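File shown here: entry_11.txt, holding compact mmCIF, C-alpha atoms.
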# COMPACT_ATOMS: atom_id res chain seq x y z
CA MET C 1 5.48 149.59 3.29
CA SER C 2 2.53 147.26 3.66
CA ALA C 3 -0.45 148.37 5.69
CA ALA C 4 -0.35 145.25 7.87
CA LEU C 5 3.19 146.04 9.05
CA ILE C 6 2.22 149.59 9.98
CA VAL C 7 -0.86 148.41 11.88
CA VAL C 8 1.19 145.85 13.82
CA ALA C 9 3.84 148.47 14.69
CA LEU C 10 1.19 150.97 15.79
CA LEU C 11 -0.57 148.42 18.02
CA LEU C 12 2.77 147.35 19.51
CA VAL C 13 3.54 150.99 20.34
CA ALA C 14 0.13 151.45 21.99
CA ALA C 15 0.61 148.27 24.05
CA ALA C 16 4.18 149.16 25.06
CA GLY C 17 3.22 152.73 26.00
CA THR C 18 0.41 151.42 28.17
CA ALA C 19 2.82 148.97 29.79
CA VAL C 20 5.22 151.81 30.68
CA VAL C 21 2.42 153.80 32.33
CA ALA C 22 1.10 150.70 34.13
CA THR C 23 4.52 149.87 35.59
CA GLY C 24 4.32 151.41 39.04
CA ASP C 25 7.87 150.82 40.24
CA PRO C 26 10.24 153.38 38.62
CA ALA C 27 13.18 150.93 38.69
CA ARG C 28 11.23 148.51 36.48
CA GLN C 29 9.88 151.41 34.48
CA ALA C 30 13.41 152.21 33.27
CA ILE C 31 13.42 148.78 31.60
CA THR C 32 9.94 149.03 30.08
CA LEU C 33 10.74 152.58 28.91
CA SER C 34 13.83 151.25 27.16
CA ALA C 35 11.78 148.52 25.44
CA TYR C 36 9.15 151.12 24.53
CA GLY C 37 11.91 153.19 22.90
CA ILE C 38 12.89 150.24 20.72
CA VAL C 39 9.28 149.59 19.66
CA LEU C 40 8.78 153.29 18.88
CA SER C 41 11.91 153.40 16.73
CA LEU C 42 10.66 150.30 14.86
CA LEU C 43 7.44 152.18 14.12
CA PHE C 44 9.48 155.17 12.89
CA LEU C 45 11.50 152.90 10.61
CA VAL C 46 8.28 151.44 9.17
CA LEU C 47 6.96 154.98 8.65
CA GLN C 48 10.10 155.77 6.58
CA ALA C 49 11.75 158.07 9.13
CA PRO C 50 15.25 156.62 9.71
CA ASP C 51 16.61 159.87 11.17
CA VAL C 52 13.91 159.97 13.80
CA ALA C 53 14.32 156.25 14.51
CA LEU C 54 18.05 156.75 15.14
CA SER C 55 17.52 159.60 17.56
CA GLN C 56 14.78 157.66 19.33
CA ILE C 57 17.18 154.71 19.77
CA ALA C 58 19.98 156.94 21.06
CA VAL C 59 17.86 159.16 23.31
CA GLY C 60 14.84 157.06 24.26
CA THR C 61 16.50 153.68 24.64
CA ALA C 62 19.87 154.62 26.14
CA LEU C 63 20.10 158.13 27.56
CA VAL C 64 16.73 158.67 29.26
CA PRO C 65 16.39 155.18 30.86
CA LEU C 66 19.98 155.57 32.13
CA MET C 67 19.08 158.85 33.81
CA VAL C 68 15.91 157.30 35.27
CA MET C 69 17.93 154.40 36.67
CA LEU C 70 20.53 156.71 38.24
CA THR C 71 17.76 158.82 39.79
CA VAL C 72 16.09 155.70 41.20
CA ARG C 73 19.40 154.51 42.63
CA LYS C 74 19.99 157.90 44.24
CA THR C 75 16.53 158.21 45.75
CA LYS C 76 15.96 154.56 46.83
CA LYS C 77 18.67 153.86 49.40
CA MET I 1 -7.38 167.17 46.43
CA SER I 2 -8.01 163.48 47.08
CA ARG I 3 -6.98 160.83 44.58
CA ARG I 4 -10.58 160.01 43.79
CA SER I 5 -11.64 163.56 43.01
CA ARG I 6 -8.42 164.08 41.05
CA THR I 7 -9.28 161.08 38.89
CA VAL I 8 -12.83 162.35 38.35
CA VAL I 9 -11.52 165.75 37.25
CA PHE I 10 -9.04 164.02 34.95
CA ALA I 11 -11.77 161.81 33.43
CA ALA I 12 -13.89 164.84 32.61
CA GLY I 13 -10.94 166.68 31.06
CA ALA I 14 -9.80 163.62 29.14
CA ALA I 15 -13.27 163.05 27.70
CA VAL I 16 -13.43 166.63 26.42
CA LEU I 17 -9.89 166.41 25.06
CA ALA I 18 -10.61 163.09 23.33
CA ALA I 19 -13.74 164.52 21.72
CA PHE I 20 -11.93 167.58 20.38
CA PHE I 21 -8.95 165.46 19.30
CA ALA I 22 -11.27 163.17 17.33
CA LEU I 23 -12.93 166.20 15.78
CA ALA I 24 -9.55 167.70 14.77
CA VAL I 25 -8.26 164.40 13.40
CA ALA I 26 -11.44 163.96 11.33
CA GLY I 27 -10.47 167.16 9.51
CA LEU I 28 -6.97 165.91 8.66
CA PRO I 29 -6.16 164.52 5.22
CA PRO I 30 -6.37 160.70 5.16
CA PHE I 31 -3.39 158.66 6.36
CA GLY I 32 -0.82 158.07 3.63
CA ASN I 33 -2.30 160.50 1.10
CA THR I 34 -0.24 162.04 -1.71
CA ASP I 35 -0.86 165.70 -0.92
CA HIS I 36 2.13 167.15 0.98
CA PRO I 37 2.80 170.70 -0.30
CA TYR I 38 5.53 171.48 2.28
CA ARG I 39 7.26 168.20 1.43
CA ASP I 40 7.52 169.22 -2.22
CA LEU I 41 8.98 172.64 -1.34
CA ALA I 42 11.43 171.21 1.21
CA VAL I 43 12.72 168.48 -1.11
CA ALA I 44 13.23 171.01 -3.94
CA ALA I 45 15.11 173.37 -1.57
CA SER I 46 17.23 170.53 -0.25
CA LEU I 47 18.26 169.39 -3.73
CA ARG I 48 19.03 173.01 -4.64
CA GLN I 49 21.42 173.09 -1.66
CA SER I 50 22.91 169.72 -2.69
CA THR I 51 21.90 168.08 0.58
CA ALA I 52 21.20 164.38 0.17
CA ASN I 53 19.58 163.98 3.59
CA VAL I 54 16.49 166.18 3.34
CA VAL I 55 15.83 165.95 7.11
CA SER I 56 19.27 167.37 7.96
CA SER I 57 18.80 170.07 5.32
CA LEU I 58 15.60 171.06 7.11
CA THR I 59 17.09 170.90 10.59
CA PHE I 60 20.29 172.82 9.87
CA ASP I 61 19.36 174.97 6.86
CA LEU I 62 15.67 175.78 6.54
CA ARG I 63 14.92 175.47 10.26
CA GLY I 64 18.33 176.71 11.43
CA PHE I 65 16.85 179.21 13.86
CA ASP I 66 14.61 176.54 15.38
CA THR I 67 17.67 174.40 15.94
CA LEU I 68 19.41 177.36 17.60
CA GLY I 69 16.46 177.57 19.99
CA GLU I 70 16.67 173.84 20.59
CA GLU I 71 20.38 174.19 21.39
CA MET I 72 19.52 176.89 23.92
CA ILE I 73 16.91 174.60 25.53
CA LEU I 74 19.58 171.92 25.81
CA LEU I 75 22.08 174.36 27.31
CA GLY I 76 19.44 175.62 29.73
CA SER I 77 18.60 172.13 30.88
CA VAL I 78 22.28 171.21 31.35
CA VAL I 79 22.92 174.39 33.35
CA GLY I 80 19.74 173.79 35.36
CA ALA I 81 20.66 170.20 36.17
CA VAL I 82 24.21 171.21 37.17
CA ALA I 83 22.82 173.90 39.46
CA LEU I 84 20.21 171.58 41.01
CA LEU I 85 22.56 168.65 41.48
CA ARG I 86 25.54 170.52 42.91
CA PRO I 87 26.71 168.62 46.01
CA ARG I 88 25.71 170.42 49.18
CA PRO I 89 28.45 171.49 51.63
CA ASP I 90 27.59 168.59 53.95
CA GLU I 91 27.92 166.03 51.15
CA LYS I 92 31.44 164.75 50.58
CA GLU I 93 32.46 162.89 47.48
CA GLN I 94 33.62 159.39 48.31
CA ASN I 95 36.69 157.82 46.86
CA ARG I 96 35.49 154.71 45.12
CA SER I 97 38.66 153.03 43.95
CA ARG I 98 37.42 149.47 44.43
CA THR I 99 36.12 148.08 41.18
CA GLU I 100 33.25 145.70 41.32
CA THR I 101 32.97 145.05 37.60
CA ASN I 102 32.20 141.68 36.14
CA GLN I 103 35.08 140.39 33.96
CA SER I 104 33.00 139.37 30.95
CA VAL I 105 30.94 142.56 31.06
CA ALA I 106 34.19 144.54 31.19
CA LEU I 107 35.55 142.69 28.15
CA ILE I 108 32.41 143.32 26.09
CA ALA I 109 32.45 146.97 27.10
CA TYR I 110 36.12 147.27 26.05
CA VAL I 111 35.30 145.79 22.63
CA PHE I 112 32.26 147.99 22.13
CA LEU I 113 33.81 151.24 23.37
CA PRO I 114 35.88 152.00 20.21
CA LEU I 115 33.12 150.64 17.95
CA THR I 116 30.52 152.91 19.54
CA LEU I 117 32.78 155.96 19.37
CA LEU I 118 33.50 155.20 15.70
CA LEU I 119 29.78 154.86 14.99
CA GLY I 120 29.17 158.19 16.74
CA PHE I 121 31.76 160.00 14.62
CA ASP I 122 30.43 158.30 11.48
CA LEU I 123 26.90 159.53 12.23
CA LEU I 124 28.30 163.01 12.86
CA VAL I 125 30.41 163.36 9.72
CA HIS I 126 27.93 161.82 7.29
CA GLY I 127 24.86 163.54 8.73
CA HIS I 128 24.16 165.38 5.46
CA LEU I 129 24.38 162.17 3.39
CA THR I 130 22.85 159.33 5.38
CA PRO I 131 20.39 159.10 8.27
CA GLY I 132 22.00 160.53 11.38
CA GLY I 133 23.65 163.82 12.20
CA GLY I 134 24.80 165.99 15.05
CA PHE I 135 22.16 165.11 17.61
CA GLN I 136 22.25 161.36 17.12
CA GLY I 137 26.06 161.28 16.78
CA GLY I 138 26.52 163.41 19.89
CA VAL I 139 24.25 161.24 22.02
CA VAL I 140 25.90 158.02 20.75
CA LEU I 141 29.35 159.47 21.58
CA ALA I 142 28.24 160.50 25.06
CA THR I 143 26.55 157.20 25.93
CA GLY I 144 29.40 155.23 24.30
CA LEU I 145 31.90 156.99 26.55
CA HIS I 146 29.99 155.66 29.56
CA LEU I 147 30.88 152.11 28.54
CA LEU I 148 34.06 153.05 30.40
CA TYR I 149 32.00 152.81 33.56
CA LEU I 150 31.07 149.22 32.74
CA SER I 151 34.64 148.25 31.92
CA GLY I 152 36.71 150.17 34.44
CA GLY I 153 34.27 151.29 37.10
CA TYR I 154 33.42 154.77 38.25
CA ASP I 155 36.99 155.71 39.06
CA ALA I 156 38.29 154.91 35.55
CA LEU I 157 35.45 156.91 34.05
CA ARG I 158 36.21 159.89 36.28
CA ARG I 159 39.92 159.86 35.52
CA LEU I 160 39.50 159.48 31.75
CA ARG I 161 36.73 162.05 31.55
CA PRO I 162 38.04 165.49 32.54
CA LEU I 163 34.65 167.12 33.09
CA ALA I 164 35.93 170.70 32.79
CA TRP I 165 36.92 170.04 29.16
CA TYR I 166 33.43 168.92 28.32
CA GLU I 167 31.96 171.98 29.96
CA TRP I 168 34.23 174.17 27.83
CA VAL I 169 33.38 172.25 24.64
CA GLU I 170 29.67 172.55 25.40
CA GLY I 171 30.01 176.30 26.02
CA PHE I 172 32.20 177.04 22.99
CA THR I 173 30.24 175.04 20.44
CA THR I 174 26.91 176.44 21.63
CA ALA I 175 28.38 179.95 21.51
CA ALA I 176 29.67 179.32 17.98
CA PHE I 177 26.26 178.08 16.89
CA ALA I 178 24.57 181.09 18.50
CA ALA I 179 27.05 183.49 16.87
CA ALA I 180 26.35 181.92 13.48
CA GLY I 181 22.65 182.46 14.09
CA LEU I 182 23.00 186.03 15.37
CA ILE I 183 25.12 187.31 12.48
CA GLY I 184 22.70 185.56 10.14
CA VAL I 185 24.96 183.06 8.45
CA ARG I 186 23.33 181.71 5.34
CA ASN I 187 24.39 178.62 3.51
CA PHE I 188 27.23 180.56 1.88
CA LEU I 189 29.78 177.79 1.22
CA PRO I 190 30.08 176.16 -2.19
CA ARG I 191 27.45 173.46 -2.34
CA GLY I 192 29.36 170.82 -4.28
CA VAL I 193 27.74 167.80 -5.84
CA VAL I 194 24.86 166.11 -4.07
CA GLN I 195 25.74 162.78 -2.37
CA GLN I 196 29.48 163.69 -2.14
CA LEU I 197 31.19 164.04 1.26
CA PHE I 198 32.01 167.71 0.58
CA SER I 199 28.57 168.98 -0.32
CA ALA I 200 25.61 170.76 1.26
CA GLY I 201 27.62 173.90 2.20
CA THR I 202 27.34 174.75 5.90
CA VAL I 203 25.12 171.78 6.84
CA PRO I 204 27.96 169.35 7.72
CA ILE I 205 29.82 172.07 9.68
CA LEU I 206 26.76 172.92 11.75
CA ASN I 207 26.13 169.20 12.12
CA ILE I 208 29.56 168.64 13.66
CA LEU I 209 29.26 171.73 15.89
CA VAL I 210 25.90 170.52 17.20
CA GLY I 211 27.28 167.02 17.60
CA PHE I 212 30.03 168.23 19.92
CA ALA I 213 27.63 170.51 21.80
CA VAL I 214 25.12 167.69 22.32
CA GLY I 215 27.77 165.11 23.16
CA ALA I 216 29.51 167.36 25.70
CA GLY I 217 26.15 168.45 27.12
CA ALA I 218 25.00 164.87 27.58
CA VAL I 219 28.32 163.92 29.25
CA VAL I 220 28.04 166.84 31.70
CA LEU I 221 24.40 165.95 32.38
CA LEU I 222 25.11 162.26 32.99
CA ALA I 223 28.10 163.18 35.16
CA GLN I 224 25.79 165.08 37.54
CA PHE I 225 23.47 162.07 37.87
CA LEU I 226 26.41 159.66 38.24
CA THR I 227 27.98 161.79 40.97
CA GLN I 228 24.67 161.89 42.83
CA ALA I 229 23.91 158.19 42.44
CA ILE I 230 27.37 156.72 42.99
CA ALA I 231 29.89 159.07 44.56
CA LEU I 232 27.57 160.63 47.13
CA GLU I 233 25.72 157.40 47.75
CA ASP I 234 26.73 156.55 51.27
CA LYS I 235 26.29 160.02 52.70
CA ASP I 236 23.31 161.78 54.25
CA ASP I 237 19.84 160.36 54.92
CA MET T 1 -6.09 152.93 9.05
CA GLN T 2 -6.85 156.59 9.72
CA ILE T 3 -8.51 155.70 13.01
CA ILE T 4 -5.74 153.36 14.18
CA ALA T 5 -2.85 155.73 13.37
CA TYR T 6 -4.34 158.88 14.92
CA GLY T 7 -6.08 156.84 17.61
CA VAL T 8 -2.77 155.42 18.86
CA ALA T 9 -1.35 158.96 19.04
CA GLY T 10 -4.34 160.14 21.08
CA TRP T 11 -4.24 157.02 23.25
CA LEU T 12 -0.58 157.59 24.17
CA ILE T 13 -1.25 161.20 25.12
CA LEU T 14 -4.23 160.28 27.32
CA ALA T 15 -2.53 157.21 28.83
CA GLY T 16 0.52 159.29 29.76
CA ALA T 17 -1.68 161.97 31.33
CA TYR T 18 -3.65 159.31 33.25
CA GLY T 19 -0.38 157.88 34.55
CA MET T 20 0.70 161.31 35.77
CA VAL T 21 -2.61 161.90 37.56
CA ARG T 22 -2.57 158.52 39.32
CA SER T 23 1.17 158.52 40.00
CA ARG T 24 2.49 157.84 43.48
CA ASN T 25 6.09 158.64 42.59
CA LEU T 26 7.56 161.72 40.91
CA ILE T 27 9.99 159.62 38.84
CA HIS T 28 7.03 157.57 37.59
CA ALA T 29 5.21 160.81 36.74
CA THR T 30 8.22 162.08 34.78
CA VAL T 31 8.39 158.88 32.70
CA CYS T 32 4.61 159.10 32.11
CA LEU T 33 5.13 162.65 30.83
CA SER T 34 7.62 161.34 28.27
CA VAL T 35 5.07 158.69 27.16
CA CYS T 36 2.52 161.50 26.86
CA GLN T 37 4.92 163.44 24.64
CA SER T 38 5.69 160.40 22.49
CA GLY T 39 2.05 160.56 21.33
CA THR T 40 2.96 163.74 19.46
CA TYR T 41 5.76 161.91 17.60
CA VAL T 42 3.29 159.32 16.35
CA LEU T 43 0.77 162.03 15.38
CA LEU T 44 3.36 164.06 13.44
CA LEU T 45 4.83 161.09 11.58
CA ALA T 46 1.38 159.71 10.76
CA ILE T 47 0.48 163.03 9.13
CA GLY T 48 3.64 162.96 7.00
CA TYR T 49 3.43 159.39 5.75
CA GLN T 50 2.62 158.60 2.14
CA TRP T 51 1.89 155.07 0.91
CA ASN T 52 4.86 153.46 -0.88
CA ALA T 53 7.03 156.58 -0.59
CA PRO T 54 10.65 155.93 0.51
CA ALA T 55 12.51 157.79 3.27
CA PRO T 56 13.54 161.39 2.48
CA VAL T 57 17.23 160.52 2.36
CA PHE T 58 18.97 160.19 -1.00
CA SER T 59 21.92 158.14 0.24
CA PRO T 60 25.03 158.00 -1.97
CA GLY T 61 24.77 155.32 -4.60
CA SER T 62 21.00 155.34 -4.88
CA PRO T 63 19.12 157.39 -7.46
CA VAL T 64 16.97 160.34 -6.38
CA LYS T 65 13.47 158.86 -6.34
CA LEU T 66 10.40 161.01 -5.76
CA PRO T 67 8.02 161.33 -4.01
CA VAL T 68 9.36 160.69 -0.50
CA ALA T 69 7.79 160.68 2.98
CA ASP T 70 7.30 164.21 4.37
CA PRO T 71 10.66 165.39 5.82
CA VAL T 72 9.15 168.51 7.44
CA VAL T 73 7.26 166.57 10.11
CA GLN T 74 10.26 164.26 10.55
CA SER T 75 12.46 167.25 11.35
CA LEU T 76 9.84 168.53 13.80
CA THR T 77 9.58 165.11 15.48
CA PHE T 78 13.32 165.04 15.79
CA THR T 79 13.37 168.37 17.63
CA ASP T 80 10.49 167.07 19.76
CA ILE T 81 12.52 164.02 20.89
CA VAL T 82 15.53 166.10 21.93
CA VAL T 83 13.37 168.60 23.84
CA SER T 84 11.57 165.73 25.60
CA ALA T 85 14.91 164.31 26.77
CA THR T 86 16.10 167.66 28.15
CA VAL T 87 12.79 168.21 29.98
CA THR T 88 13.02 164.70 31.46
CA ALA T 89 16.59 165.37 32.62
CA LEU T 90 15.58 168.58 34.37
CA LEU T 91 12.54 166.99 36.04
CA LEU T 92 14.64 164.06 37.27
CA ALA T 93 17.16 166.51 38.75
CA LEU T 94 14.26 168.23 40.51
CA ALA T 95 13.04 164.85 41.80
CA ILE T 96 16.48 164.16 43.32
CA GLN T 97 16.43 167.59 44.96
CA ILE T 98 12.88 167.04 46.34
CA ASP T 99 13.91 163.65 47.72
CA LYS T 100 16.88 165.28 49.46
CA THR T 101 14.82 167.96 51.17
CA HIS T 102 11.53 166.11 51.82
CA HIS T 103 12.72 162.46 51.94
CA THR T 104 9.75 161.35 49.87
CA LEU T 105 8.79 161.22 46.21
CA ASP T 106 5.07 160.65 46.73
CA PRO T 107 3.29 163.82 45.57
CA ASP T 108 0.52 163.18 48.13
CA ASP T 109 3.04 163.42 50.98
CA LEU T 110 4.50 166.73 49.83
CA GLN T 111 2.76 169.28 52.04
CA SER T 112 4.05 172.26 50.08
CA LEU T 113 2.34 170.95 46.93
CA LYS T 114 -1.07 170.67 48.61
CA GLY T 115 -3.54 173.11 47.08
I need this file expressed as structure tokens, please.
Amino acid sequence: MSAALIVVALLLVAAAGTAVVATGDPARQAITLSAYGIVLSLLFLVLQAPDVALSQIAVGTALVPLMVMLTVRKTKK
Amino acid sequence: MSRRSRTVVFAAGAAVLAAFFALAVAGLPPFGNTDHPYRDLAVAASLRQSTANVVSSLTFDLRGFDTLGEEMILLGSVVGAVALLRPRPDEKEQNRSRTETNQSVALIAYVFLPLTLLLGFDLLVHGHLTPGGGFQGGVVLATGLHLLYLSGGYDALRRLRPLAWYEWVEGFTTAAFAAAGLIGVRNFLPRGVVQQLFSAGTVPILNILVGFAVGAGAVVLLAQFLTQAIALEDKDD
Amino acid sequence: MQIIAYGVAGWLILAGAYGMVRSRNLIHATVCLSVCQSGTYVLLLAIGYQWNAPAPVFSPGSPVKLPVADPVVQSLTFTDIVVSATVTALLLALAIQIDKTHHTLDPDDLQSLKG
């Protein structure tokens, strides 16, 4: 895989991770976390780790943001 | 401790950590180099065991005991969440029969429900051949099942998801995996030809066991959060 | 390249930790912890990468081509992801429980956590 692609994916991950931390409201954070999961799994694909990319998609993009959202809904009220 | 002093303490710690991290990374081999001794050993072992997916060979064969520990962490977290999120005596579960689902969302969810479940089983069964395996398949199955919530509402999900069954499946599959680890099961089955469906010995069996354990565990876990967020919503506070 | 790959891993760890320290909400802190942990995924996979090496999966129909990217660190990363999800689940359950008993999720308002 070309070096440029890896650099772009790495910088995207750094930017998305920072965005997740900078999002103060947990309800919005569930969305940015989900997007961060997609960007991370793209990086894993570029780094030739399809197994890890799949589990990151399943866990980091669906399962964990769903739990965060349900927790926010429970605690907001 | 005030926020300001906390931040100062953090900045000091972070600076030290960053310095040591940079020092450690400077000693690492350069990015993308060709020297990976463990890689060479693992790939050779995986091909000896006729496992096409080297990562699943590592997870379920070479690092089988690690995966047993991981399973136990998962079980512990599910049990912990169930214990923490048990409804208190003063919290009553509400009957939420009214469905407030959007028609087009419901239709899309109906279409995707069987597709997602199929994808989950595909990941599970072919874990030793293609990217995927028990963990990914299990999580896809569990999250796919919750499309029911989008299509039929909470009540449909609750009726079509007998939670006790999932608790039993989670318990039994984890116990089976633990028993296999305790009696020291090696990869004893005939290994077959690499890249065939029936190959890799015990790897696909462990894959499917873990898939059911993870899937059932995730369903039980999500059910606790759903009950808290939706069924108990209008009570207390 | 070296600096960017390992630097991003270190950045994620520190950014996640910073988020936890400055957090005003326990759910936010939990999500920051998972960002912190994702730095270790990047570090592990960066160590295992080899230029122009394909993924360590010899899918049916394709010839076995060596060398491949390091599968050992990929397997470790994979375990890491699952453990991170279970820890997050448990911490979120604790956050719900804290909200029920103390009616707040701001760590500064929790008297019992004051040192």
| request: Select, from I:Leu75, I:Ala22, I:Trp165, I:Asn53, the residue with the minimum atom-to-atom distance to T:Val82, counting only C-alpha atoms. | output: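 When distances to T:Val82 are compared using only C-alpha atoms, the smallest one comes from I:Leu75.
With atom CA of I:Ala229 on one side and atom CA of C:Ala58 on the other, the separation reads 21.8 Å.
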| remark: Counting all atoms listed in the file, the residue among T:Val57, T:Leu105, T:Ala69, T:Ala17 that lies closest to chain I is T:Val57
Near chain C, 12 Å: chain I residue rows, closest pairs, only C-alpha atoms, as CSV:
residue,atom,partner,partner_atom,distance
I:Phe31,CA,C:Ala3,CA,10.7
I:Gly32,CA,C:Leu47,CA,9.8
I:Asn53,CA,C:Asp51,CA,9.1
I:Val54,CA,C:Asp51,CA,10.1
I:Val55,CA,C:Asp51,CA,7.4
I:Ser56,CA,C:Asp51,CA,8.6
I:Ser57,CA,C:Asp51,CA,12.0
I:Leu58,CA,C:Asp51,CA,11.9
I:Thr59,CA,C:Asp51,CA,11.1
I:Ala81,CA,C:Met67,CA,11.7
I:Leu85,CA,C:Thr71,CA,11.1
I:Thr116,CA,C:Ala58,CA,11.4
I:Leu119,CA,C:Ala58,CA,11.7
I:Gly120,CA,C:Ala58,CA,10.2
I:Leu123,CA,C:Leu54,CA,9.7
I:Gly127,CA,C:Asp51,CA,9.4
I:His128,CA,C:Asp51,CA,11.0
I:Leu129,CA,C:Asp51,CA,11.2
I:Thr130,CA,C:Asp51,CA,8.5
I:Pro131,CA,C:Asp51,CA,4.8
I:Gly132,CA,C:Asp51,CA,5.4
I:Gly133,CA,C:Asp51,CA,8.1
I:Gly134,CA,C:Ser55,CA,10.0
I:Phe135,CA,C:Ser55,CA,7.2
I:Gln136,CA,C:Ser55,CA,5.1
I:Gly137,CA,C:Ala58,CA,8.6
I:Gly138,CA,C:Ala58,CA,9.3
I:Val139,CA,C:Ala58,CA,6.1
I:Val140,CA,C:Ala58,CA,6.0
I:Leu141,CA,C:Ala58,CA,9.7
I:Ala142,CA,C:Leu63,CA,8.8
I:Thr143,CA,C:Leu63,CA,6.7
I:Gly144,CA,C:Ala62,CA,9.7
I:Leu145,CA,C:Leu63,CA,11.9
I:His146,CA,C:Leu66,CA,10.3
I:Leu147,CA,C:Ala62,CA,11.5
I:Val214,CA,C:Val59,CA,11.2
I:Gly215,CA,C:Leu63,CA,11.3
I:Gly217,CA,C:Leu63,CA,12.0
I:Ala218,CA,C:Leu63,CA,8.3
I:Val219,CA,C:Leu63,CA,10.2
I:Leu221,CA,C:Met67,CA,9.0
I:Leu222,CA,C:Met67,CA,7.0
I:Ala223,CA,C:Met67,CA,10.1
I:Gln224,CA,C:Met67,CA,9.9
I:Phe225,CA,C:Leu70,CA,6.1
I:Leu226,CA,C:Leu70,CA,6.6
I:Thr227,CA,C:Leu70,CA,9.4
I:Gln228,CA,C:Lys74,CA,6.3
I:Ala229,CA,C:Lys74,CA,4.3
I:Ile230,CA,C:Lys74,CA,7.6
I:Ala231,CA,C:Lys74,CA,10.0
I:Leu232,CA,C:Lys74,CA,8.6
I:Glu233,CA,C:Lys74,CA,6.7
I:Asp234,CA,C:Lys77,CA,8.7
I:Lys235,CA,C:Lys77,CA,10.3
I:Asp236,CA,C:Lys77,CA,10.4
I:Asp237,CA,C:Lys77,CA,8.6
| field | Residue nearest chain T - candidates C:Ala14, C:Val8, C:Ala19, C:Ala27, atoms counted: only C-alpha atoms | value |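 Nearest to chain T: C:Ala14.
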| From the list T:Leu76, T:Leu43, T:Val21, T:Val8, which residue is nearest chain C when using only C-alpha atoms? | T:Val8
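Straight-line separation from atom CA of C:Phe44 to atom CA of T:Gln50: 13.2 Å.
The coordinates place atom CA of T:Arg22 at 8.3 Å from atom CA of I:Arg6.
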| message | For a quick test of understanding: name the residues of chain T lying within 6 Å of chain C when counting all atoms listed in the file, and present them as a ChimeraX atom specification. | response | /T:8,19,28,32,52,55,78
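The interface of chain T with chain I at 6 Å, considering all atoms listed in the file, consists of Gln2, Tyr49, Gln50, Trp51, Pro56, Val57, Phe58, Ser59, Pro60, Asp70, Pro71, Ser75, Thr86, Leu90 and Ala93 of chain T.
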| Long-range neighbours of stretch 173-178 of chain I as a PyMOL selection string, 8 Å cut-off, all atoms listed in the file, 3 positions minimum in chain | chain I and resi 68+71-72+75+169-170+181-182+206+209-210+212-213
| request: Between T:Pro54, T:Thr101, T:Val83, T:Leu66, single out the one closest to T:Ser38, counting only C-alpha atoms. | output: T:Val83
